[in-house]
Structure formats: structure tokens, C-alpha cells
Amino acid sequence: MKNSCLSSDDTGDDKKATSVEWLAVIGGVLAAFMAVLDIQIVNASLQNIQGALSASVEESTWLSTAYLIAEVVIIPLAGWLARVFGFRRYMLTCVSMFIIASVLCGFSFSLESMIVFRAVQGLFGGALIPLAYTLIMTTLSEAERPKGMAMFAISAVSAPAFGPALGGWLTDTWSWHWIFFINVIPGTLMLALLMRSLPKNPLNLKLLRTADWLGIITMAAGLACLQIVLEEGNLKDWFSSQYIVVLSLISLVSLLIFVVHELSCSQPVVNLRLLKSPRFGFGVLANMGIGFCLYSAVYLLPMYLGQVQGYNPTDIGLVIMWMGVPQLLIVPLVPGLMKRFGSVPVALTGIVFFTAGFFLSTRLNPDFSGPQFHWIQIIRAMGLPLIMTPLMVMTTEGISVRYAADASGLFNILRNLGGAIGMAVMATLLTNRTLLHDARIREDLPDTWEQLSAMFAHFPAAGTEQKVALLSAEINRQASIMAFSDDFMLLALVMVFCFIMVVVSGRGTNHRLDSTIA
């Protein structure tokens, strides 16, 4: 097998992968899919878990935050840990521990125990994402890599679409425990595939003695604090909270030290010099923007349907699935389209579709609900697969196998960070724009009681105080709808930025990065 030791520097090997190597790729992609799915599947059942564990709304958000913190820390470290413990040993350990942590989450007896088990789940599940990406880059030749990247794209784009629907269905049909127990079945399958296909690798524990511990510590502290700030900032009114200020300062100082140290270190834990290549650097920026928009859309749509239109979790999941199912039909066609038209034109076409979906979402009104989103979801579904696979292939083209793990870590962590930043920006913008629109609508209300009374005729028979309350609620609803439209407009503008980044990245050279990052 060509891949697991990560020792070859040849990116031009045209030898076709064997059936056993394809089994490894399939097992890795399935593992990445489950890791991404577990972020979204829990969100659909937070209310049920919150009630079962006697947790407040703010406390229950830590069930997602704990997973995300562990994930964001482990993703850039996964490549180095695979070199220390051996790729096969580390990946099998991650799969096994992910399954065990999932079962423990289902048997959680308190909020504290659930948070701990979710952190363990994220620590091992998060590593599966870059490991699967690395497996594709190091196992498949450049000619076969688009097929592998298309498979990986399914984990990145389909899991967010199917997660809420699956979580809502499992919770409504059985109980919230099954959103965790369900991981045992695919987990066992991917464990069997990887045990059968991954070659054995030697331990390389001497790397622990020469490890870049300053880089590891500053990166872990910086990313963990940043994730907490992004998750909790809007709830705590950002920098009016001393808690957020302190964490922000820790994150800023830690990440500054990390970047300066990594750029000067001879053996960095994460090779940031990869970003010096225009093709990889601008491609990663585009990927970060895509993460911003993808995770923001998955965050905004359920909130709009639930808060404004009164949808339950199952109905919300069914609307989101309109984006998931078409992607499964489009993804297999992408490698052929790339071969015929090239990666850059296909990616730009996908961005046009995805951007159009956001522009169409800016026309919200009180009657704009699930059925109106079906076609918008299909348009987005046509675009996203056309973006992800070409973007991954063009960004990593020319990277030798020795840098595959570093490239994988950077590519995936920056997409996830883009998503975290996006959701924080969307939440803050939604709050502020709702207040602004609410104030503007109230400014336009009639000045006299007689004119205001005429508006009450549109409300059901009720007392004056009840009518005033109904009018206030309707004003807030209209303001919220306008704020959601503003959020979708911002996402469309971010996609325009991604379009520009892909164009610039596509003009970069395809030379090997060895000279660039030496």
C-alpha cells in the first residue's frame, strides 16, 4: 500500500489503487461522514436532552461546544499523531474510541457526564476528518484523486443536510439516546473495513521527545479559547462580558505566538509555510469562505423555520433534506465534469449556483416557508458538490505526500473555523438587525390612538391589552424576517469573495511546494 507511512514524496504516481486500497478510502470517508454527522444530529435533539438532564438552555449549548472545542484542537494535530503512533494504529484507535464515547453519551447520567463524553467523542471523531483526507491524498494517484475527493465531499456536504432530519426522526420515533447508539452500526462497519485494508506501521515515539510542544500548547489554547468565544460571544453580549474579553486575549496571544513560532521552527507541528503557495493559500481562503456560508446556512434555516414559521424538528429536517438528496446524485458526476472542463470552471459554476440560492433567500416574507425553500435547496444542492471536490483537488495539486497531513489539517481546520466564525457573525447580525428593524417599524406606527385602533381590526376579538401584545409580537416577527433576509444577503456577498479567491487560486502554478515551504 502506498499511503499509510506517508513516506513517499511522489505525487505523480499513476499506478491505480488496488481494491484493498479503495476499501481503506471507503472506510475513511465513512468515518469522516460520521464525525461531521454527529455535530449536526445532536442539534436537532438539544431540547429533549436538555429536559432529560435538567439543564438550562445556556448549559445545554455546551453539548455542542464541548464536541467542537475538542474537534478544532485535534484536527491540526491528527497528522502529527498519526506519524507518532502509526497511521493504522491511530486511526483504528480513533474509530474505536468514537464508538465507545457515542455509547457513553447515550448512557449519560448528568449534564456534566454528557459534556465529558461529548468532548471525548469530538477528540477522536474530529481526527477522523483530516485522517480520511490524508488517506485519499496518499493512497490515490493524482488521476484517481478526484474520485476520492468526491467521496470525501459527501461527508462534508451531505452530513449537515441529513443530520437534523435523522436526529429529529430518531428522537421522535424512539428517544434522544438513539442519536448516539446509532453510531455503533456504521462504526463497526468502518472499523472492519479499516482493519482489513490499512497496513501496519511502526511506532515512532521518538517524535514525542523532539515534538514542537510550544506550538502544540499555544495552538490548543488559542483554538479552544477562540471556539468558546465564537460559541458563547453572542449569548454574553460579546466584549461587555469579562469572560469573553479574557478568553479573547488568551486566544489572540496564543495564536500570535503559535504563528510566529511555526514560521520559524525547523520541525513545526503544523507547517504554515504551505500557505505561502498562492494556489494553496488562496484555495484555503476560498474553502474558509465556503465553510462560513455552508455552516451558517445550516444554522440559519432551521432557526428561521422553527422560530418564524413554527416548524418542529422533524419538519425542519425534511426541508433541509431537499439539499441533501440531490447532492448524492450529483457528486458521482463531478470527476467526469472536472476531467472535461477543468477544476476551476466547475468550481466557479458551483459557486454561481450556491450564491444564487442565497440571493433567492433574501426575499423572505411571512408566507415564505418550507415549500418555498424546496427549490432554493435544490439550487444549493446543485452548486455545493461542484464546489467542494474541484476546490479540494485544485488546492492540493502539486503537494507531495510528505506534506499531505499538514495540508489536510490546514484545509479542514480552516473550513471548520470559517463555519464557527460564520455562525457567530450570523447570530450577532440577526440579533442586531432584528432590533434595528423592530425600532424602524415602530417608528412608522400611527401617532394617534384612533389610527392605531383601526389596525386592531385585523386581530381576533380580544381586549385592548391583548391586541397590543399581538401587534407587538407581529412587529417582532416581521423584524425577524427582515433580519434573516439580511443574513442571507451577507452570505451571498461572502460567496462572491469565494468566487474571486478561486479565480486567483486557479491562476497559481502547479509546481511542487517543496521549494516554497522549505
# chains A, B, ... in the order shown; residues from 1 in each chain; ligands from 1
$ select_by_dssp --residues "segment 118-305 of chain A" --states "alpha helix (DSSP H)" --output "PyMOL selection string"
chain A and resi 118-139+145-157+159-173+178-181+184-197+206-209+213-232+242-264+278-303
$ residues_around --residues "Ala286 of chain A" --least-positions-apart "6" --cutoff "8 Å" --atoms "only C-alpha atoms" --output "JSON, numbers by chain"
{"A": [497, 498, 499, 501, 502]}
$ closest_residue --among "A:Val494, A:Met392, A:Leu92, A:Leu274" --to "Leu194 of chain A" --atoms "only C-alpha atoms"
A:Leu92
$ closest_residue --among "A:Val425, A:Ile99, A:Ala381, A:Val259" --to "Leu191 of chain A" --atoms "only C-alpha atoms"
A:Ile99
$ residues_around --residues "Val334 of chain A" --least-positions-apart "3" --cutoff "12 Å" --atoms "only C-alpha atoms" --output "VMD selection string"
chain A and resid 145 to 151 153 to 154 327 to 331 337 to 343 345 to 347 349 to 350 382 to 391 393
$ closest_residue --among "A:Ser248, A:Ser485, A:Thr65, A:Gln377" --to "Gln40 of chain A" --atoms "only C-alpha atoms"
A:Thr65
$ residues_around --residues "segment 211-215 of chain A" --least-positions-apart "3" --cutoff "7 Å" --atoms "only C-alpha atoms" --output "ChimeraX atom specification"
/A:207-208,218-219,258,261-262,267-269
$ residues_around --residues "Ile500 of chain A" --least-positions-apart "4" --cutoff "10 Å" --atoms "only C-alpha atoms" --output "list in words"
Phe282, Ala286, Leu348, Met495, Val496, Val504, Ser505 and Gly506 of chain A
$ write_last_selection --atoms "C-alpha atoms" --output "JSON list (two decimals), in the first residue's frame"
[["chain", "number", "residue", "atom", "x", "y", "z"],
["A", 282, "PHE", "CA", -5.98, 31.36, -1.87],
["A", 286, "ALA", "CA", -11.98, 30.12, -0.57],
["A", 348, "LEU", "CA", -16.88, 28.62, -10.34],
["A", 495, "MET", "CA", -19.75, 33.71, -1.87],
["A", 496, "VAL", "CA", -18.72, 36.49, -4.26],
["A", 504, "VAL", "CA", -6.87, 33.80, -8.11],
["A", 505, "SER", "CA", -6.02, 30.31, -6.83],
["A", 506, "GLY", "CA", -6.64, 28.81, -10.25]]
